[in-house]
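Q: Below you'll find coords-v4.txt; it's compact mmCIF, C-alpha atoms.
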```
# COMPACT_ATOMS: atom_id res chain seq x y z
CA MET A 1276 -57.00 79.41 -46.55
CA THR A 1277 -56.46 75.93 -47.90
CA SER A 1278 -53.20 74.25 -47.05
CA THR A 1279 -52.70 71.63 -49.73
CA ARG A 1280 -49.15 70.74 -50.66
CA SER A 1281 -49.56 72.75 -53.90
CA ASP A 1282 -50.70 75.83 -51.95
CA LEU A 1283 -47.80 75.51 -49.55
CA ASP A 1284 -45.28 75.07 -52.37
CA THR A 1285 -46.57 78.27 -54.00
CA LEU A 1286 -46.43 80.23 -50.76
CA GLY A 1287 -42.98 78.83 -50.03
CA ALA A 1288 -41.66 79.95 -53.42
CA THR A 1289 -43.00 83.45 -52.79
CA ALA A 1290 -41.40 83.55 -49.35
CA VAL A 1291 -38.06 82.45 -50.82
CA GLU A 1292 -38.17 85.35 -53.29
CA ILE A 1293 -38.97 87.84 -50.53
CA LEU A 1294 -36.23 86.64 -48.17
CA THR A 1295 -33.72 86.58 -51.02
CA ALA A 1296 -34.54 90.23 -51.73
CA ALA A 1297 -34.05 91.03 -48.01
CA GLU A 1298 -30.52 89.59 -47.97
CA GLY A 1299 -28.98 92.82 -49.28
CA PRO A 1300 -30.34 95.04 -46.46
CA PHE A 1301 -29.57 92.32 -43.90
CA VAL A 1302 -25.91 92.01 -44.92
CA ALA A 1303 -25.44 95.77 -45.41
CA ALA A 1304 -26.58 96.53 -41.85
CA LEU A 1305 -24.30 93.97 -40.16
CA ARG A 1306 -22.76 95.40 -36.97
CA SER A 1307 -25.71 97.77 -36.45
CA VAL A 1308 -25.77 99.18 -32.93
CA PRO A 1309 -28.60 98.46 -30.49
CA THR A 1310 -31.25 101.18 -30.54
CA VAL A 1311 -34.24 99.59 -28.77
CA ASP A 1312 -33.96 98.35 -25.18
CA LYS A 1313 -36.44 95.48 -24.76
CA GLY A 1314 -35.62 94.84 -21.11
CA GLY A 1315 -33.06 92.67 -19.38
CA SER A 1316 -30.30 91.84 -21.86
CA ASP A 1317 -32.63 91.90 -24.88
CA PHE A 1318 -32.45 94.60 -27.52
CA ALA A 1319 -33.12 95.38 -31.17
CA THR A 1320 -31.44 97.49 -33.85
CA ASP A 1321 -32.80 99.74 -36.56
CA ALA A 1322 -32.05 96.88 -38.95
CA ASP A 1323 -34.46 94.58 -37.04
CA LEU A 1324 -37.22 97.15 -37.45
CA ALA A 1325 -36.51 97.99 -41.10
CA ILE A 1326 -36.14 94.37 -42.28
CA GLU A 1327 -39.33 93.35 -40.49
CA ARG A 1328 -41.26 96.18 -42.19
CA LEU A 1329 -39.80 95.27 -45.59
CA VAL A 1330 -40.51 91.53 -45.37
CA ALA A 1331 -43.92 91.92 -43.71
CA GLU A 1332 -45.14 94.39 -46.33
CA GLN A 1333 -44.11 92.10 -49.18
CA LEU A 1334 -45.59 88.98 -47.59
CA THR A 1335 -48.92 90.67 -46.90
CA ARG A 1336 -49.17 92.23 -50.35
CA ARG A 1337 -48.14 89.14 -52.30
CA THR A 1338 -49.85 86.40 -50.27
CA GLY A 1339 -52.78 88.14 -48.61
CA ILE A 1340 -51.81 86.54 -45.28
CA GLY A 1341 -51.06 88.66 -42.21
CA VAL A 1342 -47.69 88.81 -40.49
CA HIS A 1343 -46.87 88.71 -36.79
CA GLY A 1344 -43.34 90.00 -36.24
CA GLU A 1345 -41.11 89.94 -33.20
CA GLU A 1346 -40.60 93.70 -33.25
CA HIS A 1347 -43.90 95.17 -34.52
CA GLY A 1348 -46.30 92.43 -33.42
CA GLY A 1349 -49.41 91.78 -35.49
CA PRO A 1350 -52.60 89.71 -35.48
CA PRO A 1351 -52.84 86.70 -33.13
CA ALA A 1352 -50.82 83.82 -34.54
CA ALA A 1353 -52.46 80.81 -32.88
CA GLU A 1354 -55.54 80.56 -35.12
CA GLY A 1355 -55.96 80.48 -38.87
CA ALA A 1356 -53.05 81.20 -41.23
CA MET A 1357 -50.36 83.64 -40.15
CA TRP A 1358 -46.77 84.38 -41.09
CA ILE A 1359 -44.48 84.62 -38.06
CA LEU A 1360 -41.24 86.56 -38.54
CA ASP A 1361 -37.99 87.24 -36.74
CA PRO A 1362 -36.12 89.76 -38.93
CA VAL A 1363 -32.78 89.26 -37.14
CA ASP A 1364 -32.38 86.11 -35.05
CA GLY A 1365 -29.23 86.21 -32.95
CA THR A 1366 -29.18 90.01 -32.69
CA ALA A 1367 -26.26 90.04 -30.23
CA ASN A 1368 -24.20 88.10 -32.78
CA TYR A 1369 -25.41 90.41 -35.56
CA THR A 1370 -24.31 93.60 -33.78
CA ARG A 1371 -20.81 92.16 -33.34
CA GLY A 1372 -20.40 90.85 -36.87
CA ILE A 1373 -20.59 87.20 -35.79
CA PRO A 1374 -22.14 85.36 -38.76
CA LEU A 1375 -24.33 83.05 -36.64
CA THR A 1376 -27.48 85.06 -37.32
CA GLY A 1377 -30.29 85.14 -39.85
CA ILE A 1378 -33.92 85.78 -40.80
CA ASN A 1379 -36.47 83.31 -39.43
CA LEU A 1380 -39.92 82.86 -41.03
CA ALA A 1381 -42.75 80.36 -40.67
CA LEU A 1382 -46.29 80.02 -41.91
CA LEU A 1383 -48.46 78.85 -39.05
CA VAL A 1384 -51.81 77.18 -39.74
CA ASP A 1385 -53.84 77.01 -36.52
CA GLY A 1386 -50.61 77.41 -34.55
CA CYS A 1387 -48.68 74.64 -36.34
CA PRO A 1388 -45.76 75.40 -38.70
CA ALA A 1389 -46.68 74.34 -42.24
CA LEU A 1390 -43.74 76.20 -43.80
CA GLY A 1391 -40.35 76.93 -42.29
CA LEU A 1392 -37.54 79.11 -43.64
CA SER A 1393 -34.30 79.83 -41.79
CA TRP A 1394 -32.22 82.22 -43.87
CA LEU A 1395 -28.53 82.44 -42.93
CA PRO A 1396 -27.02 84.57 -45.72
CA LEU A 1397 -23.74 85.24 -43.90
CA LEU A 1398 -23.17 81.46 -43.93
CA ASP A 1399 -24.55 81.01 -47.46
CA GLN A 1400 -27.19 78.65 -46.04
CA ARG A 1401 -30.91 78.99 -46.81
CA TYR A 1402 -33.05 76.27 -45.25
CA THR A 1403 -36.63 75.58 -46.35
CA ALA A 1404 -39.23 72.94 -45.59
CA VAL A 1405 -42.89 72.45 -46.49
CA GLU A 1406 -45.17 70.15 -44.50
CA GLY A 1407 -45.23 66.87 -46.38
CA GLY A 1408 -41.98 67.64 -48.18
CA PRO A 1409 -38.24 67.24 -47.57
CA LEU A 1410 -35.73 69.59 -45.96
CA ARG A 1411 -33.79 71.66 -48.48
CA CYS A 1412 -30.70 73.85 -48.21
CA ASN A 1413 -30.08 76.32 -51.03
CA GLY A 1414 -32.71 74.42 -53.01
CA THR A 1415 -31.01 71.03 -52.70
CA GLU A 1416 -32.85 68.23 -50.91
CA LEU A 1417 -30.97 66.94 -47.87
CA ALA A 1418 -30.95 63.34 -46.69
CA PRO A 1419 -33.17 62.45 -43.71
CA LEU A 1420 -31.56 62.36 -40.30
CA ARG A 1421 -30.12 59.03 -39.18
CA PRO A 1422 -30.48 57.61 -35.67
CA GLY A 1423 -27.35 57.77 -33.57
CA PRO A 1424 -25.96 57.93 -30.02
CA LEU A 1425 -25.54 61.11 -27.99
CA ALA A 1426 -21.85 60.29 -27.52
CA ASP A 1427 -21.22 60.91 -31.22
CA VAL A 1428 -22.90 64.31 -31.66
CA VAL A 1429 -22.52 68.01 -30.90
CA VAL A 1430 -25.36 69.62 -28.93
CA GLY A 1431 -26.51 73.24 -29.25
CA PHE A 1432 -27.32 74.83 -25.90
CA GLY A 1433 -29.36 77.94 -25.14
CA ASN A 1434 -27.90 80.79 -23.12
CA PRO A 1435 -26.86 79.23 -19.78
CA HIS A 1436 -27.02 82.50 -17.79
CA LYS A 1437 -29.78 84.65 -19.27
CA SER A 1438 -32.38 84.12 -16.54
CA GLY A 1439 -30.09 85.28 -13.73
CA PRO A 1440 -29.45 83.41 -10.47
CA GLY A 1441 -32.61 81.78 -9.12
CA LYS A 1442 -34.88 83.54 -11.62
CA GLY A 1443 -37.26 82.39 -14.32
CA ARG A 1444 -38.64 78.96 -15.18
CA PHE A 1445 -35.13 77.63 -15.80
CA PRO A 1446 -32.78 79.11 -13.15
CA THR A 1447 -29.12 79.53 -13.93
CA ALA A 1448 -28.18 76.74 -11.50
CA TYR A 1449 -30.46 74.34 -13.40
CA ARG A 1450 -29.07 75.39 -16.78
CA LEU A 1451 -25.50 74.90 -15.62
CA ALA A 1452 -26.29 71.49 -14.11
CA LEU A 1453 -27.90 70.45 -17.40
CA LEU A 1454 -24.95 71.81 -19.36
CA GLU A 1455 -22.54 69.74 -17.27
CA ALA A 1456 -24.66 66.59 -17.65
CA ILE A 1457 -24.91 66.95 -21.43
CA ALA A 1458 -21.17 67.65 -21.70
CA ARG A 1459 -20.41 64.38 -19.90
CA ARG A 1460 -22.42 62.29 -22.38
CA SER A 1461 -22.12 64.12 -25.70
CA LEU A 1462 -19.17 64.65 -28.01
CA ARG A 1463 -19.24 68.44 -27.55
CA VAL A 1464 -21.60 71.26 -26.44
CA ARG A 1465 -21.83 74.60 -28.28
CA VAL A 1466 -23.54 77.86 -27.26
CA LEU A 1467 -24.10 79.51 -30.64
CA GLY A 1468 -26.35 82.44 -29.67
CA SER A 1469 -29.02 81.90 -32.33
CA THR A 1470 -32.04 79.63 -32.08
CA ALA A 1471 -32.42 79.77 -35.86
CA VAL A 1472 -28.90 78.40 -36.32
CA ASP A 1473 -29.31 75.80 -33.55
CA LEU A 1474 -32.49 74.33 -35.03
CA ALA A 1475 -31.46 74.59 -38.68
CA TRP A 1476 -28.24 72.76 -37.87
CA VAL A 1477 -30.14 70.03 -36.01
CA ALA A 1478 -32.30 69.61 -39.13
CA SER A 1479 -29.23 69.42 -41.37
CA GLY A 1480 -27.40 67.00 -39.06
CA MET A 1481 -24.51 69.28 -38.09
CA LEU A 1482 -25.86 69.26 -34.53
CA GLY A 1483 -27.36 66.12 -33.07
CA ALA A 1484 -29.65 68.00 -30.67
CA ALA A 1485 -30.45 71.45 -29.29
CA VAL A 1486 -31.93 72.77 -26.06
CA CYS A 1487 -33.88 76.07 -25.99
CA PHE A 1488 -35.06 77.65 -22.73
CA GLY A 1489 -38.08 79.37 -24.23
CA ASN A 1490 -40.53 79.14 -27.11
CA HIS A 1491 -41.10 82.45 -28.86
CA PRO A 1492 -42.77 81.19 -32.06
CA TRP A 1493 -40.66 83.44 -34.30
CA ASP A 1494 -37.57 81.75 -32.82
CA THR A 1495 -38.70 78.13 -32.83
CA ALA A 1496 -41.56 77.52 -35.31
CA PRO A 1497 -39.39 77.69 -38.47
CA GLY A 1498 -36.83 75.27 -37.06
CA ALA A 1499 -39.52 72.90 -35.79
CA ARG A 1500 -40.80 72.55 -39.35
CA LEU A 1501 -37.28 72.03 -40.71
CA ILE A 1502 -36.47 69.33 -38.17
CA ARG A 1503 -39.72 67.42 -38.59
CA SER A 1504 -39.33 67.49 -42.36
CA ALA A 1505 -35.84 66.02 -41.88
CA GLY A 1506 -37.20 63.18 -39.74
CA GLY A 1507 -36.13 64.65 -36.40
CA ILE A 1508 -38.09 64.99 -33.16
CA VAL A 1509 -39.20 68.26 -31.50
CA THR A 1510 -40.69 68.33 -27.99
CA ASP A 1511 -40.48 70.46 -24.88
CA LEU A 1512 -37.91 69.59 -22.23
CA GLY A 1513 -40.37 67.19 -20.65
CA GLY A 1514 -40.90 65.21 -23.84
CA THR A 1515 -44.36 66.54 -24.77
CA PRO A 1516 -44.63 67.21 -28.54
CA HIS A 1517 -43.67 70.80 -29.30
CA GLY A 1518 -46.49 73.21 -30.05
CA PHE A 1519 -47.43 76.86 -29.99
CA ASP A 1520 -47.98 76.84 -26.21
CA SER A 1521 -44.82 74.93 -25.28
CA ARG A 1522 -42.51 76.64 -22.81
CA SER A 1523 -39.21 75.15 -24.02
CA VAL A 1524 -37.75 73.14 -26.89
CA LEU A 1525 -35.75 69.93 -27.12
CA ALA A 1526 -34.92 69.00 -30.71
CA GLY A 1527 -32.87 66.09 -31.90
CA ALA A 1528 -32.23 63.28 -34.30
CA PRO A 1529 -33.86 59.90 -33.57
CA GLY A 1530 -31.99 58.12 -30.80
CA VAL A 1531 -30.20 61.26 -29.66
CA HIS A 1532 -33.48 62.87 -28.62
CA GLY A 1533 -34.33 59.90 -26.40
CA GLU A 1534 -30.93 60.02 -24.70
CA MET A 1535 -31.34 63.76 -24.12
CA LEU A 1536 -34.63 63.07 -22.33
CA GLU A 1537 -32.75 60.64 -20.07
CA VAL A 1538 -30.22 63.37 -19.24
CA LEU A 1539 -32.99 65.86 -18.48
CA ALA A 1540 -34.76 63.39 -16.22
CA ALA A 1541 -31.54 62.74 -14.29
CA VAL A 1542 -30.92 66.48 -13.75
CA GLY A 1543 -34.41 66.84 -12.25
CA ASP A 1544 -37.05 69.53 -11.92
CA PRO A 1545 -35.93 73.10 -12.67
CA ALA A 1546 -37.99 74.30 -9.70
CA ASP A 1547 -35.65 72.43 -7.37
CA TYR A 1548 -32.83 74.77 -8.45
CA ALA A 1549 -34.62 78.04 -7.73
```
Show this structure as structure tokens.

A:
Amino acid sequence: MTSTRSDLDTLGATAVEILTAAEGPFVAALRSVPTVDKGGSDFATDADLAIERLVAEQLTRRTGIGVHGEEHGGPPAAEGAMWILDPVDGTANYTRGIPLTGINLALLVDGCPALGLSWLPLLDQRYTAVEGGPLRCNGTELAPLRPGPLADVVVGFGNPHKSGPGKGRFPTAYRLALLEAIARRSLRVRVLGSTAVDLAWVASGMLGAAVCFGNHPWDTAPGARLIRSAGGIVTDLGGTPHGFDSRSVLAGAPGVHGEMLEVLAAVGDPADYA
């Protein structure tokens, strides 16, 4: 596959049509009950499965590019061109009728997001970005992000308790220490329950930064494209540029991102909190 700006614009327009068509089933199935236990506190609904099948079939048929979905899997996504899809991001919100949820889609080329779409129909917000192009919401180009101080912005924060006490790469004690440190320096902290919303709102400027304690590509690749197209910065929590193999995400506007790295450095190594 070639990945010229013209090619990407064409593929992006096709993806917009497909996600727009999926809005009806997505909205109709709001408050679906969990039906698939994925371990721990993670689960899926019949809507996750059905929307992934619908979108994946259309993408494959109309673009000739394979799809790797959160629920059904697919071909390896790190090499060549591959769509990566989360049919319902923020499933816990979705099952409770909380509108902070959406469909997340990216086109990866050799593991890097060349197209990003975060579709939030319950909020009437549809974010798109093409590598080399601007961030758009509902088709309207948004202004690039402006530098600013951490004290003036709201920060999105990943689930502070999901790993359990002393477990995982980012133990609960570490997450709570980081939460407290960010709260002391920022205007406000918000736990929204959807990585798609967190990263789309960083790209649009509603949030100044976001912290994610993981890096499933269907969660983070679309938002990484949106933020970079808006002039923001996306790294892991250590400051290394975000990529397919990253283990966490720190996204922010210029200036804010640097201050967030200072906060992370002051909190210390997550391993010390295990």

Q: One number please: atom CA of Val1428 of chain A to atom CA of Leu1482 of chain A, in Å, one decimal.

A: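 It comes out at 6.4 Å.
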
Q: Which residue gives the smallest distance to Pro1497 of chain A among A:Gly1287, A:Gly1391, A:Gly1339, A:Pro1300, with all atoms listed in the file counted?

A: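 Of all the options, A:Gly1391 lies closest to Pro1497 of chain A.
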
Q: Place a sphere of radius 7 Å on (-33.1, 62.5, -42.7) in the file coordinates and name every protein, DNA or RNA residue with an atom inside or on its surface, counting all atoms listed in the file; give the answer as a list in words.

A: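 Residues found, by chain and rising number: Ala1418, Pro1419, Leu1420, Arg1421, Ala1505 and Gly1506 of chain A.
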
Q: Neighbours of Ala1478 of chain A within 8 Å (all atoms listed in the file; same-chain residues fewer than 5 positions away dropped), as a PDB file with C-alpha atoms, in the coordinates of the input?

A:
```
ATOM      1  CA  LEU A1410     -35.730  69.590 -45.960  1.00  0.00           C
ATOM      2  CA  LEU A1420     -31.560  62.360 -40.300  1.00  0.00           C
ATOM      3  CA  GLY A1498     -36.830  75.270 -37.060  1.00  0.00           C
ATOM      4  CA  LEU A1501     -37.280  72.030 -40.710  1.00  0.00           C
ATOM      5  CA  ILE A1502     -36.470  69.330 -38.170  1.00  0.00           C
ATOM      6  CA  ARG A1503     -39.720  67.420 -38.590  1.00  0.00           C
ATOM      7  CA  ALA A1505     -35.840  66.020 -41.880  1.00  0.00           C
ATOM      8  CA  GLY A1507     -36.130  64.650 -36.400  1.00  0.00           C
ATOM      9  CA  ALA A1528     -32.230  63.280 -34.300  1.00  0.00           C
TER      10      ALA A1528
END
```

Q: Let me make sure I understand: among A:Val1291, A:Val1477, A:Val1466, A:Val1472, which one has the smallest atom-to-atom distance to Leu1395 of chain A if we use only C-alpha atoms?

A: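 Of A:Val1291, A:Val1477, A:Val1466, A:Val1472, the one nearest Leu1395 of chain A is A:Val1472, counting only C-alpha atoms.
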
Q: Which of these, A:Ile1293, A:Met1535, A:Leu1324, A:Cys1387, has the shortest distance to Ile1457 of chain A once you count all atoms listed in the file?

A: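 Closest candidate: A:Met1535.
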
Q: For a cutoff of 9 Å around the file-coordinate point (-43.9, 79.0, -30.6), which residues qualify once you count only C-alpha atoms? I'd like the result as an NGL selection string.

A: :A and (1386-1387 or 1489-1496 or 1517-1523)

Q: What does the distance between atom CA of Ser1504 of chain A and atom CA of Arg1459 of chain A come to in Å, to one decimal place?

A: 29.5 Å

Q: Could you check which of A:Leu1474, A:Leu1454, A:Leu1512, A:Leu1467 is closest to Phe1488 of chain A, using only C-alpha atoms?

A: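 Nearest to Phe1488 of chain A: A:Leu1512.
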
Q: Atom CA of Ala1389 of chain A and atom CA of Thr1338 of chain A, how far apart in Å?

A: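 A separation of 14.8 Å between them.
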
Q: Ranking A:Ala1549, A:Leu1392, A:Leu1417, A:Ile1326 by minimum distance to Ala1471 of chain A and counting all atoms listed in the file, which one comes first?

A: A:Leu1392

Q: Nearest to Thr1515 of chain A: which of A:Leu1536, A:Thr1310, A:Leu1398, A:Ser1469 is it, counting only C-alpha atoms?

A: A:Leu1536

Q: Please list as a ChimeraX atom specification every residue within 8 Å of Trp1358 of chain A, counting only C-alpha atoms and excluding residues in the same chain fewer than 4 positions away.

A: /A:1340-1343,1352,1380-1383

Q: Quick one: residues within 12 Å of segment 1447-1451 of chain A, all atoms listed in the file counted, chain neighbours fewer than 2 positions away excluded, as a PyMOL selection string?

A: chain A and resi 1432-1445+1453-1458+1486-1488+1512+1539+1541-1549

Q: Restrict the selected residues to C-alpha atoms and save them as an mmCIF file, keeping the file's coordinate frame.

A:
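And here's result.cif as it stands now:
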```cif
data_model
loop_
_atom_site.group_PDB
_atom_site.id
_atom_site.type_symbol
_atom_site.label_atom_id
_atom_site.label_comp_id
_atom_site.auth_asym_id
_atom_site.auth_seq_id
_atom_site.Cartn_x
_atom_site.Cartn_y
_atom_site.Cartn_z
ATOM 1 C CA PHE A 1432 -27.320 74.830 -25.900
ATOM 2 C CA GLY A 1433 -29.360 77.940 -25.140
ATOM 3 C CA ASN A 1434 -27.900 80.790 -23.120
ATOM 4 C CA PRO A 1435 -26.860 79.230 -19.780
ATOM 5 C CA HIS A 1436 -27.020 82.500 -17.790
ATOM 6 C CA LYS A 1437 -29.780 84.650 -19.270
ATOM 7 C CA SER A 1438 -32.380 84.120 -16.540
ATOM 8 C CA GLY A 1439 -30.090 85.280 -13.730
ATOM 9 C CA PRO A 1440 -29.450 83.410 -10.470
ATOM 10 C CA GLY A 1441 -32.610 81.780 -9.120
ATOM 11 C CA LYS A 1442 -34.880 83.540 -11.620
ATOM 12 C CA GLY A 1443 -37.260 82.390 -14.320
ATOM 13 C CA ARG A 1444 -38.640 78.960 -15.180
ATOM 14 C CA PHE A 1445 -35.130 77.630 -15.800
ATOM 15 C CA LEU A 1453 -27.900 70.450 -17.400
ATOM 16 C CA LEU A 1454 -24.950 71.810 -19.360
ATOM 17 C CA GLU A 1455 -22.540 69.740 -17.270
ATOM 18 C CA ALA A 1456 -24.660 66.590 -17.650
ATOM 19 C CA ILE A 1457 -24.910 66.950 -21.430
ATOM 20 C CA ALA A 1458 -21.170 67.650 -21.700
ATOM 21 C CA VAL A 1486 -31.930 72.770 -26.060
ATOM 22 C CA CYS A 1487 -33.880 76.070 -25.990
ATOM 23 C CA PHE A 1488 -35.060 77.650 -22.730
ATOM 24 C CA LEU A 1512 -37.910 69.590 -22.230
ATOM 25 C CA LEU A 1539 -32.990 65.860 -18.480
ATOM 26 C CA ALA A 1541 -31.540 62.740 -14.290
ATOM 27 C CA VAL A 1542 -30.920 66.480 -13.750
ATOM 28 C CA GLY A 1543 -34.410 66.840 -12.250
ATOM 29 C CA ASP A 1544 -37.050 69.530 -11.920
ATOM 30 C CA PRO A 1545 -35.930 73.100 -12.670
ATOM 31 C CA ALA A 1546 -37.990 74.300 -9.700
ATOM 32 C CA ASP A 1547 -35.650 72.430 -7.370
ATOM 33 C CA TYR A 1548 -32.830 74.770 -8.450
ATOM 34 C CA ALA A 1549 -34.620 78.040 -7.730
#
```

Q: Output as an mmCIF file, keeping the file's coordinate frame: segment 1293-1312 of chain A, completed with N, CA and C atoms.

A:
```
data_model
loop_
_atom_site.group_PDB
_atom_site.id
_atom_site.type_symbol
_atom_site.label_atom_id
_atom_site.label_comp_id
_atom_site.auth_asym_id
_atom_site.auth_seq_id
_atom_site.Cartn_x
_atom_site.Cartn_y
_atom_site.Cartn_z
ATOM 1 N N ILE A 1293 -38.961 86.677 -51.415
ATOM 2 C CA ILE A 1293 -38.970 87.840 -50.530
ATOM 3 C C ILE A 1293 -37.748 87.842 -49.609
ATOM 4 N N LEU A 1294 -37.404 86.692 -49.048
ATOM 5 C CA LEU A 1294 -36.230 86.640 -48.170
ATOM 6 C C LEU A 1294 -34.941 86.839 -48.959
ATOM 7 N N THR A 1295 -34.906 86.353 -50.182
ATOM 8 C CA THR A 1295 -33.720 86.580 -51.020
ATOM 9 C C THR A 1295 -33.522 88.070 -51.261
ATOM 10 N N ALA A 1296 -34.619 88.781 -51.509
ATOM 11 C CA ALA A 1296 -34.540 90.230 -51.730
ATOM 12 C C ALA A 1296 -34.112 90.962 -50.458
ATOM 13 N N ALA A 1297 -34.406 90.387 -49.284
ATOM 14 C CA ALA A 1297 -34.050 91.030 -48.010
ATOM 15 C C ALA A 1297 -32.598 90.781 -47.617
ATOM 16 N N GLU A 1298 -31.910 89.886 -48.323
ATOM 17 C CA GLU A 1298 -30.520 89.590 -47.970
ATOM 18 C C GLU A 1298 -29.630 90.824 -48.061
ATOM 19 N N GLY A 1299 -29.819 91.635 -49.100
ATOM 20 C CA GLY A 1299 -28.980 92.820 -49.280
ATOM 21 C C GLY A 1299 -29.047 93.746 -48.076
ATOM 22 N N PRO A 1300 -30.247 94.192 -47.664
ATOM 23 C CA PRO A 1300 -30.340 95.040 -46.460
ATOM 24 C C PRO A 1300 -29.811 94.360 -45.210
ATOM 25 N N PHE A 1301 -30.040 93.052 -45.083
ATOM 26 C CA PHE A 1301 -29.570 92.320 -43.900
ATOM 27 C C PHE A 1301 -28.044 92.355 -43.825
ATOM 28 N N VAL A 1302 -27.379 92.046 -44.910
ATOM 29 C CA VAL A 1302 -25.910 92.010 -44.920
ATOM 30 C C VAL A 1302 -25.335 93.420 -44.773
ATOM 31 N N ALA A 1303 -25.956 94.395 -45.437
ATOM 32 C CA ALA A 1303 -25.440 95.770 -45.410
ATOM 33 C C ALA A 1303 -25.467 96.362 -44.004
ATOM 34 N N ALA A 1304 -26.433 95.943 -43.177
ATOM 35 C CA ALA A 1304 -26.580 96.530 -41.850
ATOM 36 C C ALA A 1304 -25.860 95.741 -40.756
ATOM 37 N N LEU A 1305 -25.067 94.740 -41.150
ATOM 38 C CA LEU A 1305 -24.300 93.970 -40.160
ATOM 39 C C LEU A 1305 -23.482 94.913 -39.286
ATOM 40 N N ARG A 1306 -23.418 94.603 -38.009
ATOM 41 C CA ARG A 1306 -22.760 95.400 -36.970
ATOM 42 C C ARG A 1306 -23.558 96.647 -36.588
ATOM 43 N N SER A 1307 -24.849 96.681 -36.924
ATOM 44 C CA SER A 1307 -25.710 97.770 -36.450
ATOM 45 C C SER A 1307 -25.687 97.821 -34.924
ATOM 46 N N VAL A 1308 -25.803 99.028 -34.389
ATOM 47 C CA VAL A 1308 -25.770 99.180 -32.930
ATOM 48 C C VAL A 1308 -27.173 99.023 -32.360
ATOM 49 N N PRO A 1309 -27.283 98.545 -31.125
ATOM 50 C CA PRO A 1309 -28.600 98.460 -30.490
ATOM 51 C C PRO A 1309 -29.243 99.838 -30.346
ATOM 52 N N THR A 1310 -30.521 99.914 -30.663
ATOM 53 C CA THR A 1310 -31.250 101.180 -30.540
ATOM 54 C C THR A 1310 -32.534 101.043 -29.743
ATOM 55 N N VAL A 1311 -32.996 99.826 -29.507
ATOM 56 C CA VAL A 1311 -34.240 99.590 -28.770
ATOM 57 C C VAL A 1311 -33.938 98.666 -27.604
ATOM 58 N N ASP A 1312 -34.141 99.156 -26.386
ATOM 59 C CA ASP A 1312 -33.960 98.350 -25.180
ATOM 60 C C ASP A 1312 -35.260 97.623 -24.896
#
```
